[in-house]
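Single-structure report; data block below.
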There are 2 protein chains.
Amino acid sequence: MKTEIISIGDEILIGQTVNTNATWMGQELAKIGIKNNRTSTISDSYEDIIESLKLAESRSDLVLITGGLGPTKDDITKRVLCDYFDTELELNKEVLEEIKTFFAFRNKPFLKSNEMQAMLPKSCTVLPNKMGTASGMWFERNGKVFVSMPGVPYEMKHLMETGVFPKIKEQFKLQELAHRTILTHGIGESYLAEIIEDWETRLRSSELDMAYLPSPGLVKLRVTSYKNDMELVDKFCEELYPIIPEYIFGEGIITMQETLANLLKEKNTTISLAESCTGGFASHLLTKTPGSSSFYEGSIICYSYDIKEKELNVPKSILLENGAVSEQVVEILSEEVRKKYNTDYSIAISGIAGPTGGTPDKPVGTVWISVSSRTQVVSKRFSFGNNRERNISQSALAGFNMLRQLILNEK
Amino acid sequence: MKTEIISIGDEILIGQTVNTNATWMGQELAKIGIKNNRTSTISDSYEDIIESLKLAESRSDLVLITGGLGPTKDDITKRVLCDYFDTELELNKEVLEEIKTFFAFRNKPFLKSNEMQAMLPKSCTVLPNKMGTASGMWFERNGKVFVSMPGVPYEMKHLMETGVFPKIKEQFKLQELAHRTILTHGIGESYLAEIIEDWETRLRSSELDMAYLPSPGLVKLRVTSYKNDMELVDKFCEELYPIIPEYIFGEGIITMQETLANLLKEKNTTISLAESCTGGFASHLLTKTPGSSSFYEGSIICYSYDIKEKELNVPKSILLENGAVSEQVVEILSEEVRKKYNTDYSIAISGIAGPTGGTPDKPVGTVWISVSSRTQVVSKRFSFGNNRERNISQSALAGFNMLRQLILNEK
């Protein structure tokens, strides 16, 4: 089964938007055993869209198209699709009602241009879009499937999950594949590869496939059997745990903050944070998942010396003597925020995110993290890199991992 | 002049790597007046590469290829290029010396597989790569240019800057293009399109091009003259300001938080935040840019009722009577955090991010925001949508915009 993605939009071609849609679709397709064979990004032009549809039809069985469905004049995909599939637009009354409800709910007036969004090709199956006004459109011709979706990422994802994937599974005979994804933290890809070299060699000679998926602070190891041999996948995954016990924090698509959140919820405990260099990012990661209010109480972002001193009782003498990025200061921060906000646990982070502010002693990327419970405090110094955003996200993850380990050791 | 990019690599197709190379190349090409017409991402397969080269040659004048030049076995681009251009590999002694120096400098052993990197097609012009071992290759046939580069982003950028762009400028007569990007906030694409319809119609009949680039909370309007008529672009942009003064917050690639940061820095003033539903995200946006410590003091993330009450002095009676998501509560939060952290301005945000927690009165997406200075407080109710992450990011942007307007009105 050949699959391809067509992304429509000048904003991608000229680099104003990164094509994360194609990345996400490629990942999700792989999960259900479909390999994306090609991604084409093309202009909002009639000729280019027609040419791409023709080429895609000549070589692929499934063609996923995103973009060009907005209500404004430069979005022409729908018109091109009508011509290509020799059909015409008609008013879809159900969709029109949904769009009207969508606007009413948001207390926004319903405009003439919004009505156009309910004009849809006669010959397609309409996929309802609860997140926006552009419906998905599913076309079939000679056993080949074309799906057109809006380019707004969360609308596309919503349509893929609720409409496209279920229909794909129905329509195509998919080769099931067995896989597990082991999540590691605190070790780089090349070091990890060295430690697990023997295991990896044996895995590969057993007809399994393994991929390293690095992202800031994490390396995911995806073990796949294209022959759907789950037993074999399990055997190798279980063997991996004793080789790198200190680096594995979970499996699947869970994030580091979710593993921590689950631990806190299981034990019916609460957390607070004192963030300096991470500036709210760690708290954001904990609260972006629904349900965080059951374990998260609040944070103090103590960016300035003043707030560290006045709100979190760090004595001026300690600040001046050791600097804000020091073991002494983060220990006080974690203890004080925990007491002040009356939580079971806390994390405090203070570091030099960069790009400036480093010293020979504490170069950019130096971060002190302290985690505390009602009975103990653990602090650690990290040396990350030069990149401010990466230092911020790595600090947050490292803090979560430290607290996760502290909680596990308490058990 | 038609240009296209071919990215080779399974890791992009299956979503393990985001194709930021194509984004960067599209941006840089646009800067010198070359519009990228198409980006194709294809597999490391002989047939797919040959087919893509044929198609590219049939429709484009300049073809930029990245990826597939590493020393490992699955990288076959070089062999395909030799076949396609009917040439063969030969040892390039200069390149061999450079590679040996490259390894010596890094104290790494020189392996046999590295010598392969000095085997290059006879008929191409070699572009030296000081950042790695894979040289760039420049092929010409019938006035058409093909350039092959490694996929490692910093090596590709280095080759583009030192080798490819200078040669492109020499080879092709470039049409410079004039453009400006106007940034708007607080209005959806379709409403904006209706308000500026007359202006847009006149613009399009004046041989200018205009694109709507929506992203969460923002719509960018890019006005382009492919005839490099900057005067005409300026004329239309200046005309746009009085049509939608309340929605424009900047131009170019600046973010909403950067425009606010610039205002605060210009006036040498400071800010603090009280965040409830945004859980630290607004503070994170302000602190992720270097230099934020000059205007940002800190925040209280008051997720629980307790912290709103104890740390920010919201009377329990007001919380119980009005709920945490209310005008009364956000006003107290913004006033109290500003006084407590002794800053010139503050932002307070309290809302129902979702997906649960809504009531008929205050459905999910209801957010109250208050901004305050030493002399005034302004509060506003927003109705965003159903998506938690979007509600969080839209709330942060709306808060920044409210404070930006308060500061501008003070002037």
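Starting from 1 in every chain, residues are counted up; chains themselves are A, B, ... following the order of the structure tokens, and ligands are numbered from 1 as listed.
Superposing chain B on chain A by least squares over every C-alpha atom, paired in order, leaves an RMSD of 3.9 Å.
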Exercise: A:Glu115 partners within 9 Å, only C-alpha atoms, chain neighbours under 2 positions left out, as a ChimeraX atom specification: /A:71,91,96,99-100,110-113,117-119
Write the residues of the selection above to a file with N, CA and C atoms, as a PDB file, in the first residue's frame.
```
ATOM      1  N   PRO A  71     -11.650  30.189   4.632  1.00  0.00           N
ATOM      2  CA  PRO A  71     -12.726  30.909   3.959  1.00  0.00           C
ATOM      3  C   PRO A  71     -12.231  32.067   3.083  1.00  0.00           C
ATOM      4  N   LEU A  91     -24.739  22.865  -1.093  1.00  0.00           N
ATOM      5  CA  LEU A  91     -24.860  23.272   0.305  1.00  0.00           C
ATOM      6  C   LEU A  91     -25.183  22.055   1.160  1.00  0.00           C
ATOM      7  N   LEU A  96     -23.912  23.258   7.663  1.00  0.00           N
ATOM      8  CA  LEU A  96     -24.273  24.665   7.864  1.00  0.00           C
ATOM      9  C   LEU A  96     -24.782  24.892   9.287  1.00  0.00           C
ATOM     10  N   ILE A  99     -21.888  24.798  11.694  1.00  0.00           N
ATOM     11  CA  ILE A  99     -21.070  26.014  11.648  1.00  0.00           C
ATOM     12  C   ILE A  99     -21.776  27.146  12.386  1.00  0.00           C
ATOM     13  N   LYS A 100     -23.107  27.238  12.184  1.00  0.00           N
ATOM     14  CA  LYS A 100     -23.852  28.296  12.888  1.00  0.00           C
ATOM     15  C   LYS A 100     -23.761  28.111  14.405  1.00  0.00           C
ATOM     16  N   PHE A 110     -22.310  35.318  12.393  1.00  0.00           N
ATOM     17  CA  PHE A 110     -22.140  34.365  11.299  1.00  0.00           C
ATOM     18  C   PHE A 110     -22.076  35.158   9.997  1.00  0.00           C
ATOM     19  N   LEU A 111     -20.958  35.026   9.286  1.00  0.00           N
ATOM     20  CA  LEU A 111     -20.759  35.831   8.081  1.00  0.00           C
ATOM     21  C   LEU A 111     -21.067  35.030   6.818  1.00  0.00           C
ATOM     22  N   LYS A 112     -21.279  35.777   5.757  1.00  0.00           N
ATOM     23  CA  LYS A 112     -21.528  35.163   4.447  1.00  0.00           C
ATOM     24  C   LYS A 112     -20.361  34.229   4.071  1.00  0.00           C
ATOM     25  N   SER A 113     -19.131  34.683   4.335  1.00  0.00           N
ATOM     26  CA  SER A 113     -17.977  33.865   3.950  1.00  0.00           C
ATOM     27  C   SER A 113     -17.954  32.545   4.730  1.00  0.00           C
ATOM     28  N   GLN A 117     -18.212  27.726   3.793  1.00  0.00           N
ATOM     29  CA  GLN A 117     -17.602  26.545   4.396  1.00  0.00           C
ATOM     30  C   GLN A 117     -18.552  25.343   4.399  1.00  0.00           C
ATOM     31  N   ALA A 118     -19.858  25.636   4.232  1.00  0.00           N
ATOM     32  CA  ALA A 118     -20.828  24.534   4.177  1.00  0.00           C
ATOM     33  C   ALA A 118     -21.084  24.070   2.748  1.00  0.00           C
ATOM     34  N   MET A 119     -20.474  24.720   1.776  1.00  0.00           N
ATOM     35  CA  MET A 119     -20.574  24.282   0.389  1.00  0.00           C
ATOM     36  C   MET A 119     -19.511  23.205   0.177  1.00  0.00           C
TER      37      MET A 119
END
```
Helix (DSSP H, G or I) positions in stretch 1-229 of chain B, given as JSON, numbers by chain: {"B": [10, 11, 12, 13, 20, 21, 22, 23, 24, 25, 26, 27, 28, 29, 30, 31, 46, 47, 48, 49, 50, 51, 52, 53, 54, 55, 56, 57, 58, 59, 77, 78, 79, 80, 81, 82, 83, 84, 93, 94, 95, 96, 97, 98, 99, 100, 101, 102, 103, 104, 105, 112, 113, 114, 115, 116, 117, 118, 153, 154, 155, 156, 157, 158, 159, 160, 161, 162, 163, 164, 165, 166, 167, 168, 169, 170, 171, 189, 190, 191, 192, 193, 194, 195, 197, 198, 199, 200, 201, 202, 203, 204, 205]}
Those selected residues, please, written with C-alpha atoms and delivered as a PDB file, in the first residue's frame.
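Here's the written file selection-v3.pdb:
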```pdb
ATOM      1  CA  ASP B  10      12.962   7.997   5.700  1.00  0.00           C
ATOM      2  CA  GLU B  11      13.412   9.649   9.104  1.00  0.00           C
ATOM      3  CA  ILE B  12      11.526  12.706   7.770  1.00  0.00           C
ATOM      4  CA  LEU B  13       8.781  10.664   6.089  1.00  0.00           C
ATOM      5  CA  THR B  20      13.423  22.252   9.262  1.00  0.00           C
ATOM      6  CA  ASN B  21      15.976  22.244   6.427  1.00  0.00           C
ATOM      7  CA  ALA B  22      13.254  22.967   3.886  1.00  0.00           C
ATOM      8  CA  THR B  23      11.847  25.713   6.117  1.00  0.00           C
ATOM      9  CA  TRP B  24      15.199  27.437   6.406  1.00  0.00           C
ATOM     10  CA  MET B  25      15.965  27.092   2.701  1.00  0.00           C
ATOM     11  CA  GLY B  26      12.529  28.468   1.774  1.00  0.00           C
ATOM     12  CA  GLN B  27      13.109  31.507   3.996  1.00  0.00           C
ATOM     13  CA  GLU B  28      16.607  32.189   2.732  1.00  0.00           C
ATOM     14  CA  LEU B  29      15.627  31.751  -0.913  1.00  0.00           C
ATOM     15  CA  ALA B  30      12.738  34.206  -0.423  1.00  0.00           C
ATOM     16  CA  LYS B  31      15.189  36.766   0.949  1.00  0.00           C
ATOM     17  CA  TYR B  46      17.118   4.417  -5.881  1.00  0.00           C
ATOM     18  CA  GLU B  47      13.861   4.489  -7.862  1.00  0.00           C
ATOM     19  CA  ASP B  48      12.289   7.316  -5.885  1.00  0.00           C
ATOM     20  CA  ILE B  49      15.372   9.498  -6.170  1.00  0.00           C
ATOM     21  CA  ILE B  50      15.675   8.908  -9.940  1.00  0.00           C
ATOM     22  CA  GLU B  51      11.971   9.612 -10.478  1.00  0.00           C
ATOM     23  CA  SER B  52      12.164  12.822  -8.439  1.00  0.00           C
ATOM     24  CA  LEU B  53      15.224  14.039 -10.332  1.00  0.00           C
ATOM     25  CA  LYS B  54      13.456  13.448 -13.659  1.00  0.00           C
ATOM     26  CA  LEU B  55      10.326  15.305 -12.561  1.00  0.00           C
ATOM     27  CA  ALA B  56      12.377  18.127 -11.111  1.00  0.00           C
ATOM     28  CA  GLU B  57      14.411  18.493 -14.299  1.00  0.00           C
ATOM     29  CA  SER B  58      11.211  18.637 -16.347  1.00  0.00           C
ATOM     30  CA  ARG B  59       9.738  21.552 -14.413  1.00  0.00           C
ATOM     31  CA  THR B  77      22.307   9.623  -3.124  1.00  0.00           C
ATOM     32  CA  LYS B  78      25.822   9.894  -4.555  1.00  0.00           C
ATOM     33  CA  ARG B  79      25.520   6.686  -6.535  1.00  0.00           C
ATOM     34  CA  VAL B  80      22.138   7.751  -7.921  1.00  0.00           C
ATOM     35  CA  LEU B  81      23.499  11.140  -8.943  1.00  0.00           C
ATOM     36  CA  CYS B  82      26.349   9.464 -10.869  1.00  0.00           C
ATOM     37  CA  ASP B  83      23.894   7.324 -12.803  1.00  0.00           C
ATOM     38  CA  TYR B  84      21.513  10.210 -13.420  1.00  0.00           C
ATOM     39  CA  LYS B  93      42.677  14.246  -3.350  1.00  0.00           C
ATOM     40  CA  GLU B  94      42.072  17.742  -1.994  1.00  0.00           C
ATOM     41  CA  VAL B  95      38.894  16.630  -0.302  1.00  0.00           C
ATOM     42  CA  LEU B  96      40.666  13.542   1.066  1.00  0.00           C
ATOM     43  CA  GLU B  97      43.298  15.747   2.679  1.00  0.00           C
ATOM     44  CA  GLU B  98      40.609  17.973   4.172  1.00  0.00           C
ATOM     45  CA  ILE B  99      38.773  15.000   5.634  1.00  0.00           C
ATOM     46  CA  LYS B 100      41.988  13.650   7.161  1.00  0.00           C
ATOM     47  CA  THR B 101      42.681  17.060   8.703  1.00  0.00           C
ATOM     48  CA  PHE B 102      39.078  17.173   9.948  1.00  0.00           C
ATOM     49  CA  PHE B 103      39.524  13.929  11.871  1.00  0.00           C
ATOM     50  CA  ALA B 104      43.020  14.736  13.120  1.00  0.00           C
ATOM     51  CA  PHE B 105      41.765  18.046  14.507  1.00  0.00           C
ATOM     52  CA  LYS B 112      38.086   3.380   5.659  1.00  0.00           C
ATOM     53  CA  SER B 113      34.405   4.404   5.464  1.00  0.00           C
ATOM     54  CA  ASN B 114      35.491   8.028   5.762  1.00  0.00           C
ATOM     55  CA  GLU B 115      37.675   7.714   2.662  1.00  0.00           C
ATOM     56  CA  MET B 116      34.523   7.028   0.647  1.00  0.00           C
ATOM     57  CA  GLN B 117      33.501  10.601   1.431  1.00  0.00           C
ATOM     58  CA  ALA B 118      36.332  11.785  -0.842  1.00  0.00           C
ATOM     59  CA  PRO B 153      21.239  21.202   9.261  1.00  0.00           C
ATOM     60  CA  TYR B 154      24.383  23.128  10.167  1.00  0.00           C
ATOM     61  CA  GLU B 155      26.390  21.516   7.383  1.00  0.00           C
ATOM     62  CA  MET B 156      23.671  22.298   4.855  1.00  0.00           C
ATOM     63  CA  LYS B 157      23.439  25.924   6.059  1.00  0.00           C
ATOM     64  CA  HIS B 158      27.201  26.301   5.867  1.00  0.00           C
ATOM     65  CA  LEU B 159      27.263  24.971   2.293  1.00  0.00           C
ATOM     66  CA  MET B 160      24.325  27.151   1.233  1.00  0.00           C
ATOM     67  CA  GLU B 161      25.946  30.276   2.633  1.00  0.00           C
ATOM     68  CA  THR B 162      29.510  29.719   1.478  1.00  0.00           C
ATOM     69  CA  GLY B 163      28.967  27.847  -1.784  1.00  0.00           C
ATOM     70  CA  VAL B 164      25.433  27.702  -3.096  1.00  0.00           C
ATOM     71  CA  PHE B 165      24.049  31.228  -2.680  1.00  0.00           C
ATOM     72  CA  PRO B 166      27.128  32.934  -4.191  1.00  0.00           C
ATOM     73  CA  LYS B 167      26.986  30.627  -7.224  1.00  0.00           C
ATOM     74  CA  ILE B 168      23.203  31.042  -7.581  1.00  0.00           C
ATOM     75  CA  LYS B 169      23.551  34.819  -7.643  1.00  0.00           C
ATOM     76  CA  GLU B 170      26.241  34.484 -10.314  1.00  0.00           C
ATOM     77  CA  GLN B 171      24.254  32.068 -12.450  1.00  0.00           C
ATOM     78  CA  GLU B 189      -9.155  35.254   9.533  1.00  0.00           C
ATOM     79  CA  SER B 190     -12.674  35.429   8.121  1.00  0.00           C
ATOM     80  CA  TYR B 191     -13.685  38.545  10.091  1.00  0.00           C
ATOM     81  CA  LEU B 192     -10.468  40.224   9.122  1.00  0.00           C
ATOM     82  CA  ALA B 193     -11.039  39.331   5.467  1.00  0.00           C
ATOM     83  CA  GLU B 194     -14.478  40.922   5.583  1.00  0.00           C
ATOM     84  CA  ILE B 195     -13.264  44.154   7.164  1.00  0.00           C
ATOM     85  CA  GLU B 197     -12.202  43.285   1.660  1.00  0.00           C
ATOM     86  CA  ASP B 198     -12.141  46.545  -0.321  1.00  0.00           C
ATOM     87  CA  TRP B 199      -8.508  47.159   0.519  1.00  0.00           C
ATOM     88  CA  GLU B 200      -7.620  43.597  -0.495  1.00  0.00           C
ATOM     89  CA  THR B 201      -9.474  43.876  -3.797  1.00  0.00           C
ATOM     90  CA  ARG B 202      -7.641  47.083  -4.666  1.00  0.00           C
ATOM     91  CA  LEU B 203      -4.341  45.512  -3.590  1.00  0.00           C
ATOM     92  CA  ARG B 204      -4.831  42.498  -5.828  1.00  0.00           C
ATOM     93  CA  SER B 205      -5.766  44.654  -8.800  1.00  0.00           C
TER      94      SER B 205
END
```
Distance query stretch 316-318 of chain A at most 8 Å, only C-alpha atoms, self and fewer than 6 positions along chain excluded, as a ChimeraX atom specification: /A:309,328-329
Test item, strand (DSSP E or B) assignment across stretch 199-400 of chain B, answer as an MDAnalysis selection string: chainID B and resid 209:215 218:225 248:251 271:275 296:302 345:351 366:372 377:383
For the selection you just gave me, I'd like the residues written to a file as a compact mmCIF listing (two decimals), in the first residue's frame, keeping N, CA and C atoms.
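Just written: result22.txt:
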```
# COMPACT_ATOMS: atom_id res chain seq x y z
N ASP B 209 0.50 40.86 -4.16
CA ASP B 209 -0.03 39.60 -3.68
C ASP B 209 -0.20 39.70 -2.16
N MET B 210 -1.20 39.02 -1.63
CA MET B 210 -1.43 39.09 -0.19
C MET B 210 -1.81 37.71 0.32
N ALA B 211 -1.21 37.31 1.46
CA ALA B 211 -1.54 36.00 2.03
C ALA B 211 -1.91 36.16 3.50
N TYR B 212 -2.93 35.39 3.92
CA TYR B 212 -3.30 35.31 5.33
C TYR B 212 -2.54 34.13 5.93
N LEU B 213 -1.78 34.37 7.00
CA LEU B 213 -1.05 33.28 7.66
C LEU B 213 -1.54 33.17 9.09
N PRO B 214 -2.53 32.31 9.35
CA PRO B 214 -3.07 32.23 10.71
C PRO B 214 -2.26 31.28 11.60
N SER B 215 -2.11 31.64 12.85
CA SER B 215 -1.57 30.72 13.86
C SER B 215 -2.33 31.03 15.14
N LEU B 218 -3.25 34.59 16.35
CA LEU B 218 -2.71 35.60 15.45
C LEU B 218 -3.13 35.35 14.01
N VAL B 219 -3.19 36.43 13.23
CA VAL B 219 -3.22 36.29 11.77
C VAL B 219 -2.17 37.24 11.21
N LYS B 220 -1.23 36.69 10.44
CA LYS B 220 -0.23 37.53 9.77
C LYS B 220 -0.71 37.81 8.36
N LEU B 221 -0.52 39.04 7.91
CA LEU B 221 -0.87 39.40 6.54
C LEU B 221 0.42 39.71 5.80
N ARG B 222 0.73 38.91 4.80
CA ARG B 222 1.97 39.17 4.05
C ARG B 222 1.65 39.81 2.71
N VAL B 223 2.16 41.01 2.52
CA VAL B 223 1.93 41.75 1.28
C VAL B 223 3.22 41.68 0.46
N THR B 224 3.13 41.21 -0.78
CA THR B 224 4.33 41.01 -1.59
C THR B 224 4.18 41.64 -2.97
N SER B 225 5.25 42.28 -3.40
CA SER B 225 5.34 42.71 -4.80
C SER B 225 6.42 41.88 -5.47
N ILE B 248 -3.68 45.55 14.84
CA ILE B 248 -2.27 45.41 14.45
C ILE B 248 -1.37 45.61 15.66
N PHE B 249 -0.48 44.65 15.90
CA PHE B 249 0.43 44.85 17.04
C PHE B 249 1.90 44.89 16.64
N GLY B 250 2.19 44.67 15.38
CA GLY B 250 3.59 44.73 14.97
C GLY B 250 3.75 44.32 13.52
N GLU B 251 5.01 44.24 13.12
CA GLU B 251 5.32 43.81 11.75
C GLU B 251 6.49 42.86 11.78
N ILE B 271 7.34 44.09 35.32
CA ILE B 271 6.07 43.38 35.29
C ILE B 271 6.10 42.16 36.20
N SER B 272 4.93 41.82 36.74
CA SER B 272 4.74 40.56 37.46
C SER B 272 3.41 39.97 37.01
N LEU B 273 3.23 38.68 37.26
CA LEU B 273 1.99 38.03 36.82
C LEU B 273 1.38 37.17 37.92
N ALA B 274 0.05 37.09 37.89
CA ALA B 274 -0.65 36.10 38.72
C ALA B 274 -1.38 35.20 37.73
N GLU B 275 -0.93 33.95 37.63
CA GLU B 275 -1.51 33.05 36.63
C GLU B 275 -2.30 31.94 37.32
N TYR B 296 11.19 41.62 33.85
CA TYR B 296 10.33 40.63 34.48
C TYR B 296 10.85 40.29 35.88
N GLU B 297 10.00 40.44 36.89
CA GLU B 297 10.42 40.19 38.28
C GLU B 297 10.05 38.79 38.75
N GLY B 298 8.83 38.39 38.44
CA GLY B 298 8.39 37.08 38.91
C GLY B 298 6.88 36.94 38.84
N SER B 299 6.41 35.76 39.21
CA SER B 299 4.97 35.48 39.13
C SER B 299 4.54 34.61 40.30
N ILE B 300 3.26 34.67 40.57
CA ILE B 300 2.67 33.68 41.46
C ILE B 300 1.69 32.86 40.63
N ILE B 301 1.93 31.56 40.60
CA ILE B 301 0.96 30.70 39.92
C ILE B 301 0.02 30.19 40.99
N CYS B 302 -1.17 30.78 40.99
CA CYS B 302 -2.12 30.53 42.08
C CYS B 302 -3.19 29.59 41.57
N TYR B 345 3.69 47.11 36.36
CA TYR B 345 2.50 46.54 35.70
C TYR B 345 2.30 45.09 36.14
N SER B 346 1.10 44.61 35.90
CA SER B 346 0.85 43.19 36.16
C SER B 346 -0.23 42.67 35.24
N ILE B 347 -0.24 41.35 35.09
CA ILE B 347 -1.30 40.66 34.34
C ILE B 347 -1.82 39.54 35.24
N ALA B 348 -3.14 39.41 35.34
CA ALA B 348 -3.72 38.26 36.06
C ALA B 348 -4.69 37.54 35.13
N ILE B 349 -4.62 36.22 35.15
CA ILE B 349 -5.44 35.40 34.25
C ILE B 349 -6.10 34.28 35.03
N SER B 350 -7.42 34.19 34.93
CA SER B 350 -8.13 33.09 35.59
C SER B 350 -9.24 32.62 34.66
N GLY B 351 -9.26 31.34 34.36
CA GLY B 351 -10.27 30.86 33.42
C GLY B 351 -10.46 29.36 33.51
N THR B 366 -14.07 30.05 28.97
CA THR B 366 -14.30 31.35 29.60
C THR B 366 -13.06 31.77 30.38
N VAL B 367 -12.54 32.95 30.09
CA VAL B 367 -11.33 33.42 30.77
C VAL B 367 -11.49 34.89 31.13
N TRP B 368 -11.20 35.22 32.37
CA TRP B 368 -11.13 36.63 32.80
C TRP B 368 -9.67 37.05 32.89
N ILE B 369 -9.38 38.21 32.30
CA ILE B 369 -8.01 38.74 32.35
C ILE B 369 -8.05 40.16 32.87
N SER B 370 -7.11 40.47 33.75
CA SER B 370 -7.02 41.83 34.28
C SER B 370 -5.59 42.32 34.16
N VAL B 371 -5.41 43.55 33.70
CA VAL B 371 -4.07 44.13 33.66
C VAL B 371 -4.09 45.40 34.50
N SER B 372 -3.00 45.65 35.18
CA SER B 372 -3.02 46.83 36.03
C SER B 372 -1.69 47.58 35.99
N VAL B 377 -6.74 49.80 36.45
CA VAL B 377 -6.96 48.36 36.24
C VAL B 377 -7.96 48.20 35.10
N VAL B 378 -7.67 47.31 34.18
CA VAL B 378 -8.62 47.01 33.10
C VAL B 378 -8.86 45.52 33.08
N SER B 379 -10.13 45.11 33.05
CA SER B 379 -10.44 43.68 33.03
C SER B 379 -11.37 43.37 31.87
N LYS B 380 -11.29 42.13 31.42
CA LYS B 380 -12.09 41.74 30.24
C LYS B 380 -12.37 40.25 30.29
N ARG B 381 -13.56 39.90 29.82
CA ARG B 381 -13.94 38.49 29.74
C ARG B 381 -13.76 37.99 28.30
N PHE B 382 -13.18 36.82 28.15
CA PHE B 382 -13.00 36.22 26.82
C PHE B 382 -13.73 34.89 26.76
N SER B 383 -14.17 34.52 25.55
CA SER B 383 -14.73 33.19 25.32
C SER B 383 -13.88 32.54 24.24
```
Length of the atom CA of A:Ile34 to atom CA of A:Pro121 vector [Å]: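 Taking atom CA of A:Ile34 and atom CA of A:Pro121, their separation equals 27.5 Å.
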